[in-house]
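Below is query-v1.tsv, holding TSV, N, CA and C atoms.
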chain	number	residue	atom	x	y	z
A	158	MET	N	20.96	0.96	-22.36
A	158	MET	CA	19.70	0.34	-22.02
A	158	MET	C	19.91	-0.84	-21.07
A	159	GLN	N	21.01	-1.50	-21.17
A	159	GLN	CA	21.29	-2.65	-20.31
A	159	GLN	C	21.30	-2.23	-18.84
A	160	LYS	N	21.81	-1.03	-18.54
A	160	LYS	CA	21.83	-0.54	-17.16
A	160	LYS	C	20.43	-0.42	-16.59
A	161	ILE	N	19.50	0.07	-17.41
A	161	ILE	CA	18.12	0.23	-16.96
A	161	ILE	C	17.51	-1.13	-16.65
A	162	LYS	N	17.75	-2.11	-17.52
A	162	LYS	CA	17.20	-3.44	-17.30
A	162	LYS	C	17.78	-4.05	-16.02
A	163	ILE	N	19.06	-3.90	-15.81
A	163	ILE	CA	19.69	-4.44	-14.61
A	163	ILE	C	19.13	-3.77	-13.37
A	164	ARG	N	18.97	-2.47	-13.41
A	164	ARG	CA	18.42	-1.75	-12.26
A	164	ARG	C	16.97	-2.17	-11.98
A	165	THR	N	16.19	-2.33	-13.03
A	165	THR	CA	14.81	-2.77	-12.87
A	165	THR	C	14.77	-4.14	-12.22
A	166	MET	N	15.61	-5.04	-12.65
A	166	MET	CA	15.65	-6.38	-12.06
A	166	MET	C	16.15	-6.34	-10.62
A	167	LEU	N	17.10	-5.45	-10.33
A	167	LEU	CA	17.58	-5.29	-8.96
A	167	LEU	C	16.45	-4.80	-8.06
A	168	ILE	N	15.69	-3.84	-8.53
A	168	ILE	CA	14.57	-3.31	-7.75
A	168	ILE	C	13.52	-4.40	-7.53
A	169	LEU	N	13.29	-5.22	-8.55
A	169	LEU	CA	12.36	-6.33	-8.41
A	169	LEU	C	12.84	-7.30	-7.33
A	170	LYS	N	14.13	-7.58	-7.30
A	170	LYS	CA	14.71	-8.48	-6.29
A	170	LYS	C	14.64	-7.86	-4.89
A	171	LEU	N	14.92	-6.57	-4.79
A	171	LEU	CA	14.80	-5.91	-3.49
A	171	LEU	C	13.35	-5.92	-3.01
A	172	GLY	N	12.43	-5.69	-3.92
A	172	GLY	CA	11.02	-5.75	-3.57
A	172	GLY	C	10.62	-7.14	-3.10
A	173	GLU	N	11.18	-8.15	-3.74
A	173	GLU	CA	10.90	-9.53	-3.33
A	173	GLU	C	11.40	-9.79	-1.92
A	174	ALA	N	12.62	-9.33	-1.63
A	174	ALA	CA	13.19	-9.51	-0.30
A	174	ALA	C	12.33	-8.81	0.76
A	175	LEU	N	11.87	-7.61	0.47
A	175	LEU	CA	11.01	-6.88	1.40
A	175	LEU	C	9.67	-7.58	1.58
A	176	PHE	N	9.12	-8.08	0.50
A	176	PHE	CA	7.83	-8.77	0.55
A	176	PHE	C	7.94	-10.03	1.42
A	177	LYS	N	8.97	-10.83	1.18
A	177	LYS	CA	9.15	-12.07	1.94
A	177	LYS	C	9.48	-11.79	3.41
A	178	ALA	N	10.30	-10.77	3.65
A	178	ALA	CA	10.62	-10.40	5.03
A	178	ALA	C	9.37	-9.92	5.76
A	179	GLY	N	8.51	-9.21	5.05
A	179	GLY	CA	7.27	-8.72	5.64
A	179	GLY	C	6.35	-9.85	6.05
A	180	ARG	N	6.32	-10.92	5.25
A	180	ARG	CA	5.49	-12.08	5.60
A	180	ARG	C	6.03	-12.76	6.86
A	181	GLU	N	7.33	-12.77	7.00
A	181	GLU	CA	7.93	-13.47	8.14
A	181	GLU	C	8.00	-12.60	9.39
A	182	TYR	N	8.31	-11.32	9.22
A	182	TYR	CA	8.57	-10.45	10.38
A	182	TYR	C	7.50	-9.38	10.61
A	183	GLY	N	6.52	-9.30	9.77
A	183	GLY	CA	5.44	-8.34	9.98
A	183	GLY	C	5.45	-7.19	9.00
A	184	LYS	N	4.36	-6.47	8.99
A	184	LYS	CA	4.15	-5.39	8.02
A	184	LYS	C	5.07	-4.20	8.24
A	185	ASN	N	5.60	-4.05	9.43
A	185	ASN	CA	6.44	-2.89	9.74
A	185	ASN	C	7.88	-3.05	9.23
A	186	ILE	N	8.14	-4.12	8.51
A	186	ILE	CA	9.51	-4.40	8.07
A	186	ILE	C	10.05	-3.32	7.13
A	187	VAL	N	9.20	-2.76	6.29
A	187	VAL	CA	9.66	-1.71	5.36
A	187	VAL	C	10.14	-0.50	6.16
A	188	ASN	N	9.39	-0.12	7.17
A	188	ASN	CA	9.79	1.01	8.01
A	188	ASN	C	11.10	0.71	8.74
A	189	ASN	N	11.23	-0.49	9.27
A	189	ASN	CA	12.46	-0.87	9.98
A	189	ASN	C	13.68	-0.81	9.07
A	190	TYR	N	13.54	-1.38	7.88
A	190	TYR	CA	14.65	-1.36	6.93
A	190	TYR	C	14.98	0.05	6.48
A	191	SER	N	13.96	0.85	6.24
A	191	SER	CA	14.22	2.21	5.76
A	191	SER	C	14.98	3.02	6.80
A	192	GLU	N	14.63	2.86	8.06
A	192	GLU	CA	15.35	3.58	9.11
A	192	GLU	C	16.82	3.19	9.15
A	193	LYS	N	17.10	1.89	9.04
A	193	LYS	CA	18.48	1.40	9.05
A	193	LYS	C	19.24	1.85	7.80
A	194	LEU	N	18.62	1.70	6.65
A	194	LEU	CA	19.30	2.03	5.39
A	194	LEU	C	19.54	3.53	5.24
A	195	MET	N	18.63	4.35	5.74
A	195	MET	CA	18.85	5.80	5.65
A	195	MET	C	20.05	6.21	6.47
A	196	ILE	N	20.30	5.54	7.57
A	196	ILE	CA	21.49	5.83	8.39
A	196	ILE	C	22.74	5.32	7.69
A	197	GLU	N	22.68	4.09	7.17
A	197	GLU	CA	23.86	3.44	6.59
A	197	GLU	C	24.18	3.90	5.17
A	198	VAL	N	23.14	4.13	4.35
A	198	VAL	CA	23.36	4.40	2.93
A	198	VAL	C	22.97	5.82	2.54
A	199	GLY	N	21.90	6.33	3.11
A	199	GLY	CA	21.45	7.67	2.77
A	199	GLY	C	19.96	7.73	2.54
A	200	LYS	N	19.49	8.94	2.28
A	200	LYS	CA	18.05	9.20	2.19
A	200	LYS	C	17.35	8.54	1.02
A	201	LYS	N	18.10	8.08	0.02
A	201	LYS	CA	17.42	7.52	-1.14
A	201	LYS	C	16.71	6.20	-0.83
A	202	TYR	N	16.97	5.61	0.32
A	202	TYR	CA	16.28	4.39	0.73
A	202	TYR	C	15.28	4.68	1.84
A	203	ASN	N	14.49	5.72	1.64
A	203	ASN	CA	13.48	6.07	2.63
A	203	ASN	C	12.29	5.11	2.54
A	204	TYR	N	11.33	5.31	3.43
A	204	TYR	CA	10.17	4.42	3.49
A	204	TYR	C	9.42	4.37	2.17
A	205	ARG	N	9.18	5.52	1.57
A	205	ARG	CA	8.41	5.58	0.33
A	205	ARG	C	9.08	4.79	-0.79
A	206	THR	N	10.40	4.92	-0.91
A	206	THR	CA	11.12	4.20	-1.96
A	206	THR	C	11.04	2.70	-1.75
A	207	LEU	N	11.28	2.24	-0.52
A	207	LEU	CA	11.22	0.81	-0.24
A	207	LEU	C	9.79	0.28	-0.40
A	208	TYR	N	8.82	1.06	0.00
A	208	TYR	CA	7.42	0.66	-0.18
A	208	TYR	C	7.10	0.47	-1.66
A	209	ARG	N	7.58	1.37	-2.49
A	209	ARG	CA	7.34	1.26	-3.94
A	209	ARG	C	8.04	0.03	-4.52
A	210	MET	N	9.23	-0.27	-4.02
A	210	MET	CA	9.94	-1.46	-4.49
A	210	MET	C	9.14	-2.72	-4.16
A	211	ARG	N	8.61	-2.77	-2.94
A	211	ARG	CA	7.80	-3.91	-2.54
A	211	ARG	C	6.53	-3.98	-3.38
A	212	LYS	N	5.90	-2.87	-3.62
A	212	LYS	CA	4.68	-2.82	-4.44
A	212	LYS	C	4.99	-3.25	-5.87
A	213	PHE	N	6.12	-2.82	-6.39
A	213	PHE	CA	6.55	-3.20	-7.74
A	213	PHE	C	6.64	-4.73	-7.83
A	214	TYR	N	7.26	-5.33	-6.82
A	214	TYR	CA	7.36	-6.80	-6.81
A	214	TYR	C	5.97	-7.44	-6.73
A	215	GLU	N	5.13	-6.94	-5.85
A	215	GLU	CA	3.79	-7.51	-5.69
A	215	GLU	C	2.99	-7.46	-7.00
A	216	LEU	N	3.12	-6.37	-7.72
A	216	LEU	CA	2.36	-6.20	-8.95
A	216	LEU	C	2.91	-6.99	-10.13
A	217	PHE	N	4.23	-7.13	-10.21
A	217	PHE	CA	4.84	-7.67	-11.42
A	217	PHE	C	5.62	-8.96	-11.24
A	218	SER	N	5.61	-9.55	-10.05
A	218	SER	CA	6.41	-10.75	-9.83
A	218	SER	C	5.91	-11.94	-10.64
A	219	ASN	N	4.63	-12.01	-10.90
A	219	ASN	CA	4.07	-13.13	-11.64
A	219	ASN	C	3.98	-12.88	-13.14
A	220	GLU	N	4.47	-11.74	-13.57
A	220	GLU	CA	4.38	-11.40	-14.98
A	220	GLU	C	5.77	-11.37	-15.60
A	221	LYS	N	5.81	-11.72	-16.84
A	221	LYS	CA	7.06	-11.61	-17.57
A	221	LYS	C	7.15	-10.17	-18.07
A	222	LEU	N	8.18	-9.47	-17.65
A	222	LEU	CA	8.33	-8.09	-18.08
A	222	LEU	C	8.69	-8.07	-19.56
A	223	THR	N	7.91	-7.35	-20.31
A	223	THR	CA	8.17	-7.28	-21.75
A	223	THR	C	9.44	-6.48	-22.01
A	224	THR	N	9.90	-6.56	-23.22
A	224	THR	CA	11.10	-5.83	-23.60
A	224	THR	C	10.95	-4.34	-23.34
A	225	MET	N	9.80	-3.80	-23.70
A	225	MET	CA	9.58	-2.36	-23.52
A	225	MET	C	9.60	-1.99	-22.04
A	226	TRP	N	8.97	-2.79	-21.20
A	226	TRP	CA	8.94	-2.48	-19.78
A	226	TRP	C	10.34	-2.50	-19.18
A	227	SER	N	11.20	-3.38	-19.69
A	227	SER	CA	12.57	-3.44	-19.16
A	227	SER	C	13.39	-2.24	-19.61
A	228	LYS	N	12.88	-1.46	-20.57
A	228	LYS	CA	13.58	-0.26	-21.02
A	228	LYS	C	13.17	0.98	-20.24
A	229	LEU	N	12.10	0.87	-19.49
A	229	LEU	CA	11.66	2.02	-18.69
A	229	LEU	C	12.55	2.16	-17.46
A	230	SER	N	12.73	3.38	-17.05
A	230	SER	CA	13.57	3.63	-15.87
A	230	SER	C	12.73	3.53	-14.60
A	231	TRP	N	13.41	3.48	-13.47
A	231	TRP	CA	12.72	3.44	-12.19
A	231	TRP	C	11.88	4.70	-12.00
A	232	SER	N	12.30	5.80	-12.57
A	232	SER	CA	11.52	7.04	-12.50
A	232	SER	C	10.14	6.86	-13.12
A	233	HIS	N	10.07	6.14	-14.24
A	233	HIS	CA	8.78	5.86	-14.86
A	233	HIS	C	7.91	5.03	-13.92
A	234	TYR	N	8.50	4.00	-13.36
A	234	TYR	CA	7.74	3.12	-12.47
A	234	TYR	C	7.27	3.86	-11.22
A	235	ARG	N	8.13	4.70	-10.67
A	235	ARG	CA	7.76	5.46	-9.47
A	235	ARG	C	6.51	6.29	-9.72
A	236	GLU	N	6.43	6.90	-10.87
A	236	GLU	CA	5.27	7.73	-11.20
A	236	GLU	C	3.98	6.92	-11.24
A	237	VAL	N	4.01	5.79	-11.91
A	237	VAL	CA	2.76	5.02	-12.05
A	237	VAL	C	2.42	4.21	-10.80
A	238	LEU	N	3.40	3.90	-9.97
A	238	LEU	CA	3.12	3.13	-8.76
A	238	LEU	C	2.31	3.93	-7.73
A	239	SER	N	2.24	5.23	-7.92
A	239	SER	CA	1.43	6.03	-7.01
A	239	SER	C	-0.07	5.85	-7.32
A	240	LEU	N	-0.38	5.29	-8.48
A	240	LEU	CA	-1.78	5.01	-8.83
A	240	LEU	C	-2.27	3.80	-8.05
A	241	LYS	N	-3.54	3.73	-7.79
A	241	LYS	CA	-4.12	2.65	-6.98
A	241	LYS	C	-4.55	1.44	-7.81
A	242	ASN	N	-5.01	1.66	-9.01
A	242	ASN	CA	-5.61	0.62	-9.82
A	242	ASN	C	-4.55	-0.07	-10.69
A	243	ILE	N	-4.44	-1.39	-10.57
A	243	ILE	CA	-3.44	-2.15	-11.33
A	243	ILE	C	-3.67	-2.03	-12.84
A	244	ASN	N	-4.92	-2.00	-13.26
A	244	ASN	CA	-5.21	-1.86	-14.69
A	244	ASN	C	-4.76	-0.50	-15.22
A	245	GLU	N	-4.93	0.50	-14.40
A	245	GLU	CA	-4.49	1.85	-14.78
A	245	GLU	C	-2.96	1.90	-14.86
A	246	ILE	N	-2.29	1.26	-13.91
A	246	ILE	CA	-0.82	1.20	-13.91
A	246	ILE	C	-0.34	0.52	-15.18
A	247	LYS	N	-0.90	-0.63	-15.49
A	247	LYS	CA	-0.48	-1.37	-16.69
A	247	LYS	C	-0.79	-0.59	-17.97
A	248	PHE	N	-1.92	0.11	-17.99
A	248	PHE	CA	-2.26	0.92	-19.15
A	248	PHE	C	-1.16	1.96	-19.43
A	249	TYR	N	-0.78	2.70	-18.40
A	249	TYR	CA	0.21	3.76	-18.59
A	249	TYR	C	1.59	3.19	-18.93
A	250	LEU	N	1.93	2.05	-18.36
A	250	LEU	CA	3.21	1.42	-18.72
A	250	LEU	C	3.21	0.99	-20.17
A	251	ASN	N	2.11	0.45	-20.61
A	251	ASN	CA	2.01	0.05	-22.02
A	251	ASN	C	2.06	1.25	-22.94
A	252	GLU	N	1.49	2.37	-22.51
A	252	GLU	CA	1.53	3.60	-23.31
A	252	GLU	C	2.97	4.11	-23.44
A	253	CYS	N	3.75	3.91	-22.40
A	253	CYS	CA	5.16	4.36	-22.46
A	253	CYS	C	5.90	3.58	-23.51
Would you mind writing the structure in this file as structure tokens?
Amino acid sequence: MQKIKIRTMLILKLGEALFKAGREYGKNIVNNYSEKLMIEVGKKYNYRTLYRMRKFYELFSNEKLTTMWSKLSWSHYREVLSLKNINEIKFYLNEC
């Protein structure tokens, strides 16, 4: 379980970096980073993945992640982040 918590926190930090870079360098920063990372690291850092990381940070940066939420995997978060409504996202996370 510790691995999941560490990965969740890493994704939160990556999302924070993307969010802050976007404020300084513009909205296209996610696309720019994804193009570079896909060449250097591989396809798992595509635009959609980085966008979700940034969205994850935007939604949860001001909240204390509960113990249960830190046990969920990134796969769980990816599924609910496709939803538009924050209340709906939180509902499904709480159900998990």
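For the residues A:Tyr249, A:Tyr214, A:Tyr234, A:Tyr202, ranking by smallest atom-to-atom distance to Glu173 (chain A) using only N, CA and C atoms places A:Tyr214 first.
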Between A:Gly172, A:Asn189, A:Ile163, A:Val198, which has the minimum distance to Lys212 (chain A) (counting only N, CA and C atoms)?
A:Gly172
Expressed in Å to a single decimal, how great is the separation between CA of Gly179 (chain A) and CA of Leu194 (chain A)?
16.1 Å
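When only C-alpha atoms are used to measure the gap to Asn251 (chain A), the shortest distance among A:Met166, A:Glu236, A:Ser191, A:Leu229 belongs to A:Leu229.
The spacing separating CA of Glu245 (chain A) from CA of Tyr208 (chain A) amounts to 18.9 Å.
Taking atom C of Lys162 (chain A) and atom N of Lys228 (chain A) as the two end points, the separation is 7.2 Å.
With only C-alpha atoms as the atoms that count, the residue of A:Ile246, A:Leu216, A:Cys253, A:Met210 with the shortest distance to Trp231 (chain A) is A:Met210.
Closest to Lys177 (chain A) among A:Lys193, A:Lys241, A:Lys247, A:Arg211 is A:Arg211, based on all atoms listed in the file.
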Taking 5 positions as the minimum chain separation for residues in the same chain, which residues sit within 8 Å of Arg209 (chain A) when counting all atoms listed in the file? Answer as a count of residues only.
10
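Between Leu240 (chain A) and the candidates A:Glu252, A:Glu181, A:Phe213, A:Thr165, the tightest atom-to-atom separation, counting only C-alpha atoms, involves A:Phe213.
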